[in-house]
Structures are given as C-alpha cells and as structure tokens.
>>> print(open('input_25.txt').read())   # compact mmCIF, C-alpha atoms
# COMPACT_ATOMS: atom_id res chain seq x y z
CA MET A 1 74.78 93.32 112.14
CA PRO A 2 76.60 96.34 113.66
CA THR A 3 80.40 96.14 113.86
CA ASP A 4 80.31 96.49 117.62
CA SER A 5 78.45 93.17 117.77
CA LEU A 6 79.57 89.58 117.51
CA ALA A 7 77.79 86.69 115.82
CA ALA A 8 78.05 83.74 118.21
CA ARG A 9 77.05 80.33 116.92
CA VAL A 10 76.57 78.11 119.95
CA TRP A 11 76.01 74.35 120.04
CA ARG A 12 72.63 73.54 121.60
CA THR A 13 71.17 70.11 122.29
CA ASP A 14 67.58 69.03 122.65
CA ILE A 15 66.10 66.61 125.14
CA ALA A 16 66.95 63.67 122.86
CA GLY A 17 70.60 64.71 122.72
CA ALA A 18 70.52 65.87 119.08
CA GLY A 19 72.43 69.09 118.53
CA ALA A 20 72.73 72.07 116.18
CA PHE A 21 74.34 75.49 116.18
CA VAL A 22 72.10 78.40 117.20
CA SER A 23 73.09 81.99 116.37
CA TYR A 24 73.07 84.84 118.87
CA VAL A 25 74.12 88.49 118.52
CA VAL A 26 76.31 89.59 121.41
CA PRO A 27 77.63 93.15 121.96
CA ARG A 28 81.41 93.51 121.86
CA SER A 29 83.29 94.95 124.82
CA PRO A 30 86.97 95.69 125.48
CA SER A 31 89.10 92.64 126.42
CA GLN A 32 86.00 90.46 126.12
CA THR A 33 86.59 86.75 126.73
CA VAL A 34 84.78 83.83 125.13
CA LEU A 35 83.42 82.88 128.56
CA GLU A 36 81.91 86.36 128.86
CA VAL A 37 80.17 85.85 125.53
CA VAL A 38 78.65 82.57 126.73
CA THR A 39 77.68 84.13 130.06
CA TYR A 40 76.02 87.06 128.26
CA ILE A 41 73.96 84.67 126.15
CA GLN A 42 72.81 82.71 129.20
CA ARG A 43 72.03 85.74 131.35
CA ARG A 44 70.53 88.07 128.74
CA LEU A 45 69.35 86.03 125.78
CA ASP A 46 68.59 82.42 126.70
CA PRO A 47 68.71 81.24 130.32
CA THR A 48 68.36 77.60 129.25
CA LEU A 49 71.94 77.51 127.88
CA ALA A 50 74.04 75.05 129.90
CA TYR A 51 77.79 75.57 130.31
CA ARG A 52 80.38 75.03 133.01
CA PHE A 53 82.75 77.44 134.69
CA ALA A 54 84.02 78.25 138.18
CA CYS A 55 87.07 80.45 138.82
CA ARG A 56 87.10 82.65 135.66
CA VAL A 57 90.86 83.20 136.08
CA GLY A 58 92.45 80.11 134.52
CA MET A 59 92.93 78.05 137.64
CA CYS A 60 90.09 75.54 137.86
CA GLY A 61 90.02 74.03 134.36
CA SER A 62 86.21 73.96 134.17
CA CYS A 63 85.41 76.20 131.22
CA ALA A 64 87.20 74.56 128.28
CA MET A 65 85.16 74.47 125.07
CA THR A 66 85.76 74.15 121.34
CA VAL A 67 86.10 77.68 119.97
CA ASN A 68 86.21 78.07 116.20
CA GLY A 69 87.30 74.46 115.87
CA LYS A 70 89.99 74.36 118.55
CA ALA A 71 89.77 73.40 122.21
CA ARG A 72 90.56 76.38 124.45
CA TRP A 73 90.10 77.63 128.01
CA THR A 74 87.38 80.17 127.43
CA CYS A 75 87.98 82.34 130.50
CA ARG A 76 91.44 83.35 129.28
CA THR A 77 90.71 83.43 125.56
CA HIS A 78 90.02 86.87 124.16
CA VAL A 79 87.36 87.12 121.50
CA GLN A 80 89.63 89.45 119.53
CA ALA A 81 92.24 86.69 119.24
CA VAL A 82 89.94 83.95 117.93
CA ALA A 83 86.90 85.50 116.18
CA ARG A 84 86.96 85.16 112.40
CA ASP A 85 85.20 87.98 110.56
CA GLY A 86 83.19 88.79 113.67
CA VAL A 87 81.97 85.20 114.04
CA LEU A 88 82.58 82.89 116.99
CA GLU A 89 81.58 79.23 116.88
CA ILE A 90 81.37 77.66 120.33
CA ALA A 91 80.89 73.92 120.85
CA PRO A 92 81.51 71.42 123.66
CA LEU A 93 84.90 69.70 123.96
CA ALA A 94 85.48 66.88 121.49
CA ASN A 95 86.20 63.26 122.51
CA LEU A 96 83.85 63.49 125.50
CA PRO A 97 80.13 62.69 125.76
CA VAL A 98 77.93 65.79 125.80
CA VAL A 99 75.64 66.10 128.80
CA ARG A 100 73.86 69.15 127.46
CA ASP A 101 74.75 72.13 125.25
CA LEU A 102 78.36 73.03 126.13
CA VAL A 103 78.68 70.71 129.12
CA THR A 104 80.64 67.47 128.66
CA ASP A 105 80.80 64.42 130.88
CA MET A 106 84.37 64.43 132.24
CA ARG A 107 84.13 61.10 134.07
CA GLU A 108 86.06 59.06 131.51
CA PHE A 109 88.75 61.76 131.37
CA PHE A 110 89.33 61.60 135.13
CA ASP A 111 88.80 57.83 135.35
CA LYS A 112 91.78 57.53 133.02
CA TRP A 113 93.90 59.48 135.49
CA ALA A 114 93.01 56.82 138.05
CA ARG A 115 93.75 54.04 135.52
CA ALA A 116 97.18 55.60 134.92
CA LYS A 117 97.81 55.35 138.69
CA GLY A 118 97.76 59.13 138.95
CA HIS A 119 97.83 59.13 142.74
CA LEU A 120 100.81 59.29 145.07
CA THR A 121 101.80 55.96 146.60
CA PRO A 122 103.54 57.09 149.79
CA THR A 123 106.65 55.34 151.06
CA THR A 124 106.59 57.03 154.46
CA THR A 125 103.99 57.84 157.09
CA ARG A 126 102.97 61.09 158.74
CA HIS A 127 105.29 60.19 161.61
CA ASP A 128 108.38 60.26 159.39
CA PRO A 129 110.29 63.46 158.69
CA LEU A 130 109.27 65.45 155.60
CA ALA A 131 111.04 64.42 152.40
CA ARG A 132 113.75 66.82 151.28
CA VAL A 133 113.71 67.30 147.51
CA ALA A 134 116.37 69.55 146.00
CA PRO A 135 114.60 72.10 143.75
CA ASP A 136 117.36 71.91 141.16
CA SER A 137 117.51 68.10 140.98
CA ASP A 138 116.69 66.52 137.60
CA LYS A 139 113.68 64.66 138.97
CA ARG A 140 112.21 67.73 140.65
CA ARG A 141 112.68 69.71 137.43
CA ALA A 142 110.85 66.98 135.50
CA VAL A 143 107.99 67.18 137.99
CA ASP A 144 107.91 70.99 137.77
CA ALA A 145 107.57 70.78 133.98
CA GLY A 146 104.25 68.97 134.23
CA ILE A 147 102.77 69.68 137.64
CA GLU A 148 100.75 72.79 136.75
CA CYS A 149 98.09 70.83 134.85
CA ILE A 150 94.62 72.15 135.74
CA GLY A 151 92.73 69.18 134.28
CA CYS A 152 90.84 71.28 131.73
CA GLY A 153 90.70 68.50 129.11
CA VAL A 154 91.95 70.70 126.24
CA CYS A 155 94.75 68.22 125.42
CA TYR A 156 92.37 65.26 125.61
CA ALA A 157 89.83 66.92 123.32
CA SER A 158 92.59 67.85 120.84
CA CYS A 159 94.15 64.38 120.65
CA ASP A 160 93.51 62.41 117.45
CA VAL A 161 94.70 59.20 119.11
CA VAL A 162 91.92 59.51 121.73
CA ARG A 163 89.45 59.81 118.85
CA TRP A 164 90.82 56.70 117.09
CA ASN A 165 91.40 54.64 120.20
CA PRO A 166 88.86 55.46 122.93
CA ARG A 167 90.81 53.32 125.41
CA TYR A 168 93.88 55.55 125.07
CA LEU A 169 94.62 57.16 128.44
CA GLY A 170 95.31 60.53 126.85
CA PRO A 171 97.92 63.26 127.36
CA ALA A 172 96.73 64.61 130.72
CA ALA A 173 96.63 61.24 132.51
CA LEU A 174 100.04 60.28 131.09
CA ASN A 175 101.48 63.68 132.02
CA ARG A 176 100.22 63.13 135.57
CA ALA A 177 101.80 59.67 135.65
CA TRP A 178 105.11 61.17 134.50
CA THR A 179 105.12 63.69 137.36
CA LEU A 180 104.66 60.81 139.81
CA VAL A 181 107.28 58.65 138.12
CA ASN A 182 109.72 61.47 138.90
CA ASP A 183 108.43 62.04 142.43
CA VAL A 184 111.11 60.69 144.76
CA ARG A 185 108.52 60.24 147.53
CA ASP A 186 106.47 57.80 145.45
CA GLY A 187 106.71 54.02 145.66
CA GLY A 188 104.19 52.94 143.05
CA ASN A 189 106.22 53.10 139.87
CA ARG A 190 106.22 49.40 139.04
CA GLU A 191 102.44 49.29 138.88
CA ARG A 192 102.28 52.73 137.28
CA LEU A 193 104.65 51.84 134.44
CA GLY A 194 102.64 48.67 133.85
CA ALA A 195 99.45 50.73 133.74
CA VAL A 196 100.74 53.29 131.25
CA ALA A 197 102.41 50.82 128.85
CA GLY A 198 100.57 49.24 125.96
CA ASP A 199 98.27 50.29 123.15
CA ALA A 200 95.97 52.16 125.53
CA GLY A 201 98.95 53.92 127.09
CA CYS A 202 102.04 55.85 126.12
CA HIS A 203 102.92 53.59 123.18
CA ALA A 204 99.78 54.66 121.32
CA CYS A 205 101.00 58.27 121.10
CA HIS A 206 102.05 59.31 117.58
CA THR A 207 103.89 62.42 118.79
CA GLN A 208 101.65 64.74 116.78
CA GLN A 209 102.02 67.23 119.65
CA THR A 210 98.59 68.85 119.37
CA CYS A 211 98.32 68.46 123.16
CA THR A 212 101.51 70.44 123.63
CA GLU A 213 100.49 73.06 121.08
CA ARG A 214 97.12 73.69 122.69
CA CYS A 215 97.83 73.25 126.40
CA PRO A 216 96.75 76.57 127.94
CA LYS A 217 99.34 76.15 130.69
CA HIS A 218 102.10 75.61 128.11
CA LEU A 219 102.96 72.17 129.44
CA THR A 220 104.49 69.52 127.18
CA PRO A 221 102.60 66.23 127.60
CA THR A 222 104.44 64.96 124.51
CA ALA A 223 107.74 65.09 126.41
CA ALA A 224 106.14 63.37 129.40
CA ILE A 225 104.83 60.59 127.14
CA ALA A 226 108.24 60.21 125.48
CA GLY A 227 109.76 59.83 128.95
CA LEU A 228 107.24 57.13 129.81
CA LYS A 229 108.04 55.29 126.56
CA ARG A 230 111.73 55.24 127.45
CA LEU A 231 111.18 54.11 131.03
CA THR A 232 108.63 51.43 130.15
CA ALA A 233 110.95 50.04 127.46
CA LEU A 234 113.81 49.84 129.96
CA ALA A 235 111.53 48.25 132.55
CA ALA A 236 110.32 45.71 129.96
CA LEU A 237 113.91 44.77 129.08
CA ARG A 238 114.69 44.24 132.75
CA GLY A 239 111.52 42.19 133.23
CA GLU A 240 110.16 44.75 135.70
CA LEU A 241 106.82 45.44 134.04
CA PRO A 242 103.93 43.61 135.72
CA MET B 1 104.17 37.80 128.95
CA SER B 2 101.89 40.66 129.98
CA ALA B 3 100.32 42.88 127.32
CA ALA B 4 102.13 45.89 128.81
CA ARG B 5 105.54 44.23 128.51
CA ARG B 6 104.81 42.93 125.00
CA GLU B 7 103.78 46.37 123.77
CA ALA B 8 106.79 48.03 125.39
CA LEU B 9 109.16 45.52 123.75
CA LEU B 10 107.44 45.86 120.37
CA TRP B 11 107.78 49.65 120.64
CA LEU B 12 111.48 49.19 121.39
CA ALA B 13 111.84 46.84 118.40
CA SER B 14 110.13 49.41 116.20
CA ARG B 15 112.46 52.20 117.33
CA VAL B 16 115.66 50.15 117.12
CA SER B 17 114.74 48.87 113.64
CA ALA B 18 113.96 52.47 112.60
CA MET B 19 117.46 53.55 113.69
CA ILE B 20 119.02 50.73 111.68
CA LEU B 21 116.83 51.58 108.68
CA ALA B 22 117.79 55.25 108.81
CA LEU B 23 121.44 54.29 108.47
CA CYS B 24 120.81 51.58 105.86
CA VAL B 25 118.66 53.81 103.65
CA VAL B 26 121.29 56.57 103.65
CA VAL B 27 124.08 54.13 102.75
CA HIS B 28 121.86 52.44 100.11
CA LEU B 29 120.87 55.71 98.42
CA ALA B 30 124.36 57.19 98.59
CA THR B 31 125.84 54.00 97.11
CA MET B 32 123.28 53.95 94.29
CA ILE B 33 123.88 57.59 93.40
CA VAL B 34 127.68 57.29 93.51
CA ALA B 35 127.85 53.87 91.82
CA VAL B 36 125.72 54.69 88.79
CA ARG B 37 127.49 57.93 87.92
CA GLY B 38 128.66 57.44 84.39
CA GLY B 39 126.39 54.42 83.92
CA LEU B 40 126.43 50.93 85.36
CA THR B 41 124.82 47.80 83.97
CA ALA B 42 123.08 45.10 86.00
CA ALA B 43 125.87 42.70 85.15
CA GLU B 44 128.46 45.15 86.46
CA ILE B 45 126.49 45.60 89.69
CA LEU B 46 126.24 41.85 90.19
CA GLY B 47 129.95 41.59 89.46
CA ARG B 48 130.63 43.83 92.43
CA THR B 49 128.07 42.39 94.86
CA ARG B 50 128.47 38.67 94.20
CA GLY B 51 130.82 37.04 96.63
CA SER B 52 130.91 40.12 98.82
CA MET B 53 130.34 39.26 102.47
CA VAL B 54 130.14 42.98 103.35
CA TRP B 55 127.17 43.60 101.00
CA ALA B 56 125.54 40.34 102.12
CA LEU B 57 125.74 41.43 105.75
CA PHE B 58 124.64 44.98 104.96
CA TYR B 59 121.58 44.04 102.91
CA GLY B 60 120.81 41.11 105.23
CA THR B 61 120.64 43.57 108.13
CA PHE B 62 118.58 45.93 105.98
CA VAL B 63 116.04 43.21 105.19
CA ILE B 64 115.77 42.06 108.81
CA ALA B 65 115.15 45.66 109.93
CA VAL B 66 112.42 46.06 107.28
CA ALA B 67 110.83 42.74 108.27
CA VAL B 68 110.62 43.98 111.87
CA HIS B 69 109.68 47.60 111.23
CA ALA B 70 107.09 47.36 108.44
CA PRO B 71 104.71 44.88 110.16
CA LEU B 72 104.88 46.87 113.40
CA GLY B 73 103.95 50.07 111.57
CA LEU B 74 101.13 48.33 109.72
CA ARG B 75 99.96 46.82 113.02
CA THR B 76 99.45 50.30 114.44
CA VAL B 77 97.76 51.67 111.32
CA LEU B 78 95.40 48.70 110.91
CA GLY B 79 94.71 48.48 114.64
CA GLU B 80 93.61 52.10 114.74
CA SER B 81 91.90 52.57 111.39
CA ALA B 82 90.58 49.14 110.39
CA ARG B 83 90.06 47.91 113.96
CA TRP B 84 90.96 44.32 113.16
CA PRO B 85 90.71 41.91 116.10
CA GLU B 86 94.06 41.81 117.91
CA ARG B 87 94.75 38.11 117.32
CA VAL B 88 93.91 38.30 113.60
CA LEU B 89 96.06 41.40 113.30
CA ASP B 90 99.04 39.86 115.08
CA MET B 91 98.88 36.60 113.13
CA GLY B 92 98.38 38.37 109.79
CA LEU B 93 101.29 40.70 110.37
CA LEU B 94 103.53 37.93 111.65
CA LEU B 95 102.93 36.15 108.35
CA PHE B 96 103.55 39.40 106.48
CA GLY B 97 106.83 39.87 108.36
CA ILE B 98 107.91 36.31 107.52
CA LEU B 99 107.03 36.92 103.85
CA VAL B 100 109.10 40.13 103.78
CA LEU B 101 111.99 38.37 105.50
CA PHE B 102 111.88 35.36 103.15
CA THR B 103 111.59 37.32 99.90
CA GLY B 104 114.11 39.93 101.06
CA LEU B 105 116.73 37.40 102.11
CA ARG B 106 116.13 35.49 98.87
CA ALA B 107 116.97 38.67 96.95
CA VAL B 108 120.06 39.25 99.10
CA VAL B 109 121.25 35.71 98.39
CA ALA B 110 120.61 36.20 94.68
CA VAL B 111 122.73 39.35 94.39
CA THR B 112 125.53 38.52 96.82
CA MET B 113 126.13 34.79 96.52
CA ALA B 114 128.30 33.68 93.67
>>> encode(input="input_25.txt", output="structure tokens")
Amino acid sequence: MPTDSLAARVWRTDIAGAGAFVSYVVPRSPSQTVLEVVTYIQRRLDPTLAYRFACRVGMCGSCAMTVNGKARWTCRTHVQAVARDGVLEIAPLANLPVVRDLVTDMREFFDKWARAKGHLTPTTTRHDPLARVAPDSDKRRAVDAGIECIGCGVCYASCDVVRWNPRYLGPAALNRAWTLVNDVRDGGNRERLGAVAGDAGCHACHTQQTCTERCPKHLTPTAAIAGLKRLTALAALRGELP
Amino acid sequence: MSAARREALLWLASRVSAMILALCVVVHLATMIVAVRGGLTAAEILGRTRGSMVWALFYGTFVIAVAVHAPLGLRTVLGESARWPERVLDMGLLLFGILVLFTGLRAVVAVTMA
C-alpha cells in the first residue's frame, strides 16, 4: 500500500445483523478527518455503507463512532492524530444496539435523558417577567460547566458502568439533570433527584472518569454526577426524596 | 422507604464509613509500626490494651465501620458482576455484615477487656 494511502477497517453488518471488519484503501489528504474517510468509502468505494452525520463541524453530535477502540466525534478527529501505522479501525459506538454498519440506535440513550427528568419544569408562565440569572452566580456557573453537551453519546459508549448495568442512566443524562438541578427557573428538582438516585442513577457511578476524559466538548460529567450524589444524599437525610 | 432514598442513604453510609476507616487504618498502622520498634510480644501488647477504654472504643469504631463498609462494597461488586437477585444479595450481605460485626467485636472484647 502506498504511504499516501490509509488502510481503513470498517465494521459492516449483514442483513441478519452479524458483523465483521472490511478493509478499504483510502487516499490521504491534508487535515483529513475520520468522517471524511467514511464519506470517501461510501461515495467512491461502497455506496451501501451506512453511517450518520449532519453538521460536520462538531455541533450536532450525530457522527460519533468508535475509532481505533475509542469513542470519538469523527468530524473533528483528524486521521493523523488517531491512525496507528497507517491503519484506522472504525466501528459503531459501544453500549448501543447497531442498526446497520456504523449506525446505532440512540433511542435508549435519549430515553434515559427523559427518565432522568432532563426537561425544564417551569415555575412561571409566558406572562411573567423573564428570570434574571446573574452570570457569575454559583448556580449559573454550574449550569455553564455542563450545558454545552451535544448529545453525541461518546461518554455513554465509553462508560463501563453502562456496559455492566444496562439500566444505568449514563453520564450524559445525569449531566443534563445536574444542569437543571442548578437552574433557578426550574421547579422539578424533587422528582428529578428521586429519578437520578439509586443503582440505575448517580450512585452507580464508580468515578472512573472515562466520560470526562473522552467528552469532545471537554465537559466533566463526573463532577456533575458527584454533585448529584451529594444532593441526593442530603435530600434522603431530610426525607425529601420521593 | 423508596428505592431511591435507600440507595442514597446506603451511599452516604458507605462514604461516611470510608472516612472513618481512612482515619482508623492510619492510626492502626502507625501504632503498629511505632509500638513494635525494638520488639514487642503478644503478652506485652495485651498488657497495654487490656482494660483500656480508649483502645476498646477505637477498635470498636473500626469494626463497626468495616461491618458497614465491606458489605456495601461487596453489594456493588456482586450486583454488577454476578448479577445476584437484589433480595438474595441484600439478605446475604446483611448476614455477612452481622458476621463481621460479631467476630470483630468479639476480637475487640478479647484484647481490651481484662
């Protein structure tokens, strides 16, 4: 294989759902991303390859895949940074059912956001004045630390606890819950803390921090989960957990 | 009690017992290292611990913390890796905790009571 080429081993599934890696030779180009490699394979070599992407600029969270063993956002991952000896192994995200090839079923991932009460429970109506939240307040800062999640699923696919305990809500859903716990406009914390406590919630986390290490947005779900552990423990002592 | 509240309180018990254990282990190890410098027989150790309310309270606390912390840790490990049914797991580890407490306190009584 010429040195200006890349050996891409890509996970392919058949109609029965069985999978195997298939090798493709892809030409290298300057600043080439992993998503560009996958796109090249689909457009030039094998149009039956299924994968998911949308924005290509790290905003939508659609294109996460397992690249050389680690979950990554492929649109912002340079081949140069992750290829080992000119080889790139691309697989679907772990801990999620595979629909086909590199496409995973994200329903359970987002259902867990709903189970963690990841929606705002308003305490005012549209007729009330807008809430004033000081940007430098502790609560607003806590929200800022976690609010940029793009829902890519990298943390969820990297979490060993999700693998061991499929009911575990996972880092993204708990991070979302933490941003709402700190949202002064929200009135749903009693139910939310009840939803995120327990062996399917924040208490299952072993603080291994793989989610934090691999989050492409450099968020720290581990800190969010630690915050939920503290608050749920206090709420339990006060008898406030449903 | 709801499962959420129970798990939150068990987590708190695990963390509080871990804090106590951290202190107890340091004191225990430091005492052992300092006490045996130059040699110390079992009889001499018993001579110092027997009748001592301080050592009885210290090791009594140590044993209670172990009896709380160890079953909770095992509960997590077995729940995740062996996938025992929750009720079997909880009953088994409650018995294990009682066993640790009983044997530990028995040892404390043996070395601190005259």
>>> interface_residues(input="input_25.txt", of="chain A", to="chain B", cutoff="12 Å", atoms="all atoms listed in the file", output="VMD selection string")
chain A and resid 160 to 168 190 to 206 226 228 to 242
>>> write_last_selection(input="input_25.txt", atoms="C-alpha atoms", output="JSON list (two decimals), in the frame of the given file")
[["chain", "number", "residue", "atom", "x", "y", "z"],
["A", 160, "ASP", "CA", 93.51, 62.41, 117.45],
["A", 161, "VAL", "CA", 94.70, 59.20, 119.11],
["A", 162, "VAL", "CA", 91.92, 59.51, 121.73],
["A", 163, "ARG", "CA", 89.45, 59.81, 118.85],
["A", 164, "TRP", "CA", 90.82, 56.70, 117.09],
["A", 165, "ASN", "CA", 91.40, 54.64, 120.20],
["A", 166, "PRO", "CA", 88.86, 55.46, 122.93],
["A", 167, "ARG", "CA", 90.81, 53.32, 125.41],
["A", 168, "TYR", "CA", 93.88, 55.55, 125.07],
["A", 190, "ARG", "CA", 106.22, 49.40, 139.04],
["A", 191, "GLU", "CA", 102.44, 49.29, 138.88],
["A", 192, "ARG", "CA", 102.28, 52.73, 137.28],
["A", 193, "LEU", "CA", 104.65, 51.84, 134.44],
["A", 194, "GLY", "CA", 102.64, 48.67, 133.85],
["A", 195, "ALA", "CA", 99.45, 50.73, 133.74],
["A", 196, "VAL", "CA", 100.74, 53.29, 131.25],
["A", 197, "ALA", "CA", 102.41, 50.82, 128.85],
["A", 198, "GLY", "CA", 100.57, 49.24, 125.96],
["A", 199, "ASP", "CA", 98.27, 50.29, 123.15],
["A", 200, "ALA", "CA", 95.97, 52.16, 125.53],
["A", 201, "GLY", "CA", 98.95, 53.92, 127.09],
["A", 202, "CYS", "CA", 102.04, 55.85, 126.12],
["A", 203, "HIS", "CA", 102.92, 53.59, 123.18],
["A", 204, "ALA", "CA", 99.78, 54.66, 121.32],
["A", 205, "CYS", "CA", 101.00, 58.27, 121.10],
["A", 206, "HIS", "CA", 102.05, 59.31, 117.58],
["A", 226, "ALA", "CA", 108.24, 60.21, 125.48],
["A", 228, "LEU", "CA", 107.24, 57.13, 129.81],
["A", 229, "LYS", "CA", 108.04, 55.29, 126.56],
["A", 230, "ARG", "CA", 111.73, 55.24, 127.45],
["A", 231, "LEU", "CA", 111.18, 54.11, 131.03],
["A", 232, "THR", "CA", 108.63, 51.43, 130.15],
["A", 233, "ALA", "CA", 110.95, 50.04, 127.46],
["A", 234, "LEU", "CA", 113.81, 49.84, 129.96],
["A", 235, "ALA", "CA", 111.53, 48.25, 132.55],
["A", 236, "ALA", "CA", 110.32, 45.71, 129.96],
["A", 237, "LEU", "CA", 113.91, 44.77, 129.08],
["A", 238, "ARG", "CA", 114.69, 44.24, 132.75],
["A", 239, "GLY", "CA", 111.52, 42.19, 133.23],
["A", 240, "GLU", "CA", 110.16, 44.75, 135.70],
["A", 241, "LEU", "CA", 106.82, 45.44, 134.04],
["A", 242, "PRO", "CA", 103.93, 43.61, 135.72]]
>>> atom_distance(input="input_25.txt", atom1="CA of Asp105 (chain A)", atom2="CA of Gly151 (chain A)")
13.3 Å
>>> residues_around(input="input_25.txt", residues="region 185-188 of chain A", least_positions_apart="5", cutoff="9 Å", atoms="only C-alpha atoms", output="tab-separated table (two decimals) with C-alpha atoms, in the coordinates of the input")
chain	number	residue	atom	x	y	z
A	117	LYS	CA	97.81	55.35	138.69
A	119	HIS	CA	97.83	59.13	142.74
A	120	LEU	CA	100.81	59.29	145.07
A	121	THR	CA	101.80	55.96	146.60
A	122	PRO	CA	103.54	57.09	149.79
A	123	THR	CA	106.65	55.34	151.06
A	124	THR	CA	106.59	57.03	154.46
A	131	ALA	CA	111.04	64.42	152.40
A	133	VAL	CA	113.71	67.30	147.51
A	180	LEU	CA	104.66	60.81	139.81
A	193	LEU	CA	104.65	51.84	134.44
>>> atom_distance(input="input_25.txt", atom1="CA of Gly118 (chain A)", atom2="CA of Trp73 (chain A)")
22.8 Å
>>> residues_around(input="input_25.txt", residues="region 100-105 of chain B", least_positions_apart="4", cutoff="8 Å", atoms="only C-alpha atoms", output="ChimeraX atom specification")
/B:60,63-64,66-67,96,109
>>> write_last_selection(input="input_25.txt", atoms="C-alpha atoms", output="CSV table (one decimal), in the coordinates of the input")
chain,number,residue,atom,x,y,z
B,60,GLY,CA,120.8,41.1,105.2
B,63,VAL,CA,116.0,43.2,105.2
B,64,ILE,CA,115.8,42.1,108.8
B,66,VAL,CA,112.4,46.1,107.3
B,67,ALA,CA,110.8,42.7,108.3
B,96,PHE,CA,103.6,39.4,106.5
B,109,VAL,CA,121.2,35.7,98.4
>>> atom_distance(input="input_25.txt", atom1="CA of Ala173 (chain A)", atom2="CA of Phe53 (chain A)")
21.4 Å
>>> build_atoms(input="input_25.txt", residues="region 134-157 of chain A", atoms="N, CA and C atoms", output="PDB file, in the coordinates of the input")
ATOM      1  N   ALA A 134     115.615  68.387 146.484  1.00  0.00           N
ATOM      2  CA  ALA A 134     116.370  69.550 146.000  1.00  0.00           C
ATOM      3  C   ALA A 134     115.661  70.162 144.799  1.00  0.00           C
ATOM      4  N   PRO A 135     115.356  71.470 144.845  1.00  0.00           N
ATOM      5  CA  PRO A 135     114.600  72.100 143.750  1.00  0.00           C
ATOM      6  C   PRO A 135     115.302  72.014 142.395  1.00  0.00           C
ATOM      7  N   ASP A 136     116.644  71.934 142.436  1.00  0.00           N
ATOM      8  CA  ASP A 136     117.360  71.910 141.160  1.00  0.00           C
ATOM      9  C   ASP A 136     117.741  70.496 140.722  1.00  0.00           C
ATOM     10  N   SER A 137     117.209  69.476 141.402  1.00  0.00           N
ATOM     11  CA  SER A 137     117.510  68.100 140.980  1.00  0.00           C
ATOM     12  C   SER A 137     116.758  67.792 139.680  1.00  0.00           C
ATOM     13  N   ASP A 138     117.301  66.855 138.892  1.00  0.00           N
ATOM     14  CA  ASP A 138     116.690  66.520 137.600  1.00  0.00           C
ATOM     15  C   ASP A 138     115.251  66.042 137.770  1.00  0.00           C
ATOM     16  N   LYS A 139     115.029  65.217 138.783  1.00  0.00           N
ATOM     17  CA  LYS A 139     113.680  64.660 138.970  1.00  0.00           C
ATOM     18  C   LYS A 139     112.694  65.757 139.356  1.00  0.00           C
ATOM     19  N   ARG A 140     113.105  66.651 140.234  1.00  0.00           N
ATOM     20  CA  ARG A 140     112.210  67.730 140.650  1.00  0.00           C
ATOM     21  C   ARG A 140     111.894  68.643 139.457  1.00  0.00           C
ATOM     22  N   ARG A 141     112.905  68.888 138.621  1.00  0.00           N
ATOM     23  CA  ARG A 141     112.680  69.710 137.430  1.00  0.00           C
ATOM     24  C   ARG A 141     111.685  69.045 136.483  1.00  0.00           C
ATOM     25  N   ALA A 142     111.791  67.710 136.368  1.00  0.00           N
ATOM     26  CA  ALA A 142     110.850  66.980 135.500  1.00  0.00           C
ATOM     27  C   ALA A 142     109.433  67.076 136.052  1.00  0.00           C
ATOM     28  N   VAL A 143     109.319  67.030 137.373  1.00  0.00           N
ATOM     29  CA  VAL A 143     107.990  67.180 137.990  1.00  0.00           C
ATOM     30  C   VAL A 143     107.464  68.586 137.732  1.00  0.00           C
ATOM     31  N   ASP A 144     108.322  69.592 137.960  1.00  0.00           N
ATOM     32  CA  ASP A 144     107.910  70.990 137.770  1.00  0.00           C
ATOM     33  C   ASP A 144     107.354  71.224 136.363  1.00  0.00           C
ATOM     34  N   ALA A 145     107.959  70.548 135.372  1.00  0.00           N
ATOM     35  CA  ALA A 145     107.570  70.780 133.980  1.00  0.00           C
ATOM     36  C   ALA A 145     106.127  70.364 133.703  1.00  0.00           C
ATOM     37  N   GLY A 146     105.597  69.459 134.534  1.00  0.00           N
ATOM     38  CA  GLY A 146     104.250  68.970 134.230  1.00  0.00           C
ATOM     39  C   GLY A 146     103.225  69.171 135.320  1.00  0.00           C
ATOM     40  N   ILE A 147     103.637  69.712 136.460  1.00  0.00           N
ATOM     41  CA  ILE A 147     102.770  69.680 137.640  1.00  0.00           C
ATOM     42  C   ILE A 147     101.643  70.710 137.603  1.00  0.00           C
ATOM     43  N   GLU A 148     101.744  71.712 136.729  1.00  0.00           N
ATOM     44  CA  GLU A 148     100.750  72.790 136.750  1.00  0.00           C
ATOM     45  C   GLU A 148      99.480  72.461 135.958  1.00  0.00           C
ATOM     46  N   CYS A 149      99.295  71.208 135.597  1.00  0.00           N
ATOM     47  CA  CYS A 149      98.090  70.830 134.850  1.00  0.00           C
ATOM     48  C   CYS A 149      96.844  71.160 135.678  1.00  0.00           C
ATOM     49  N   ILE A 150      95.848  71.797 135.034  1.00  0.00           N
ATOM     50  CA  ILE A 150      94.620  72.150 135.740  1.00  0.00           C
ATOM     51  C   ILE A 150      93.462  71.211 135.374  1.00  0.00           C
ATOM     52  N   GLY A 151      93.763  70.166 134.592  1.00  0.00           N
ATOM     53  CA  GLY A 151      92.730  69.180 134.280  1.00  0.00           C
ATOM     54  C   GLY A 151      91.587  69.729 133.444  1.00  0.00           C
ATOM     55  N   CYS A 152      91.902  70.633 132.513  1.00  0.00           N
ATOM     56  CA  CYS A 152      90.840  71.280 131.730  1.00  0.00           C
ATOM     57  C   CYS A 152      90.320  70.387 130.617  1.00  0.00           C
ATOM     58  N   GLY A 153      91.136  69.421 130.170  1.00  0.00           N
ATOM     59  CA  GLY A 153      90.700  68.500 129.110  1.00  0.00           C
ATOM     60  C   GLY A 153      90.979  69.007 127.707  1.00  0.00           C
ATOM     61  N   VAL A 154      91.656  70.164 127.573  1.00  0.00           N
ATOM     62  CA  VAL A 154      91.950  70.700 126.240  1.00  0.00           C
ATOM     63  C   VAL A 154      92.821  69.719 125.448  1.00  0.00           C
ATOM     64  N   CYS A 155      93.845  69.155 126.113  1.00  0.00           N
ATOM     65  CA  CYS A 155      94.750  68.220 125.420  1.00  0.00           C
ATOM     66  C   CYS A 155      93.990  66.966 124.982  1.00  0.00           C
ATOM     67  N   TYR A 156      93.127  66.486 125.869  1.00  0.00           N
ATOM     68  CA  TYR A 156      92.370  65.260 125.610  1.00  0.00           C
ATOM     69  C   TYR A 156      91.412  65.464 124.424  1.00  0.00           C
ATOM     70  N   ALA A 157      90.782  66.624 124.396  1.00  0.00           N
ATOM     71  CA  ALA A 157      89.830  66.920 123.320  1.00  0.00           C
ATOM     72  C   ALA A 157      90.543  67.167 121.996  1.00  0.00           C
TER      73      ALA A 157
END
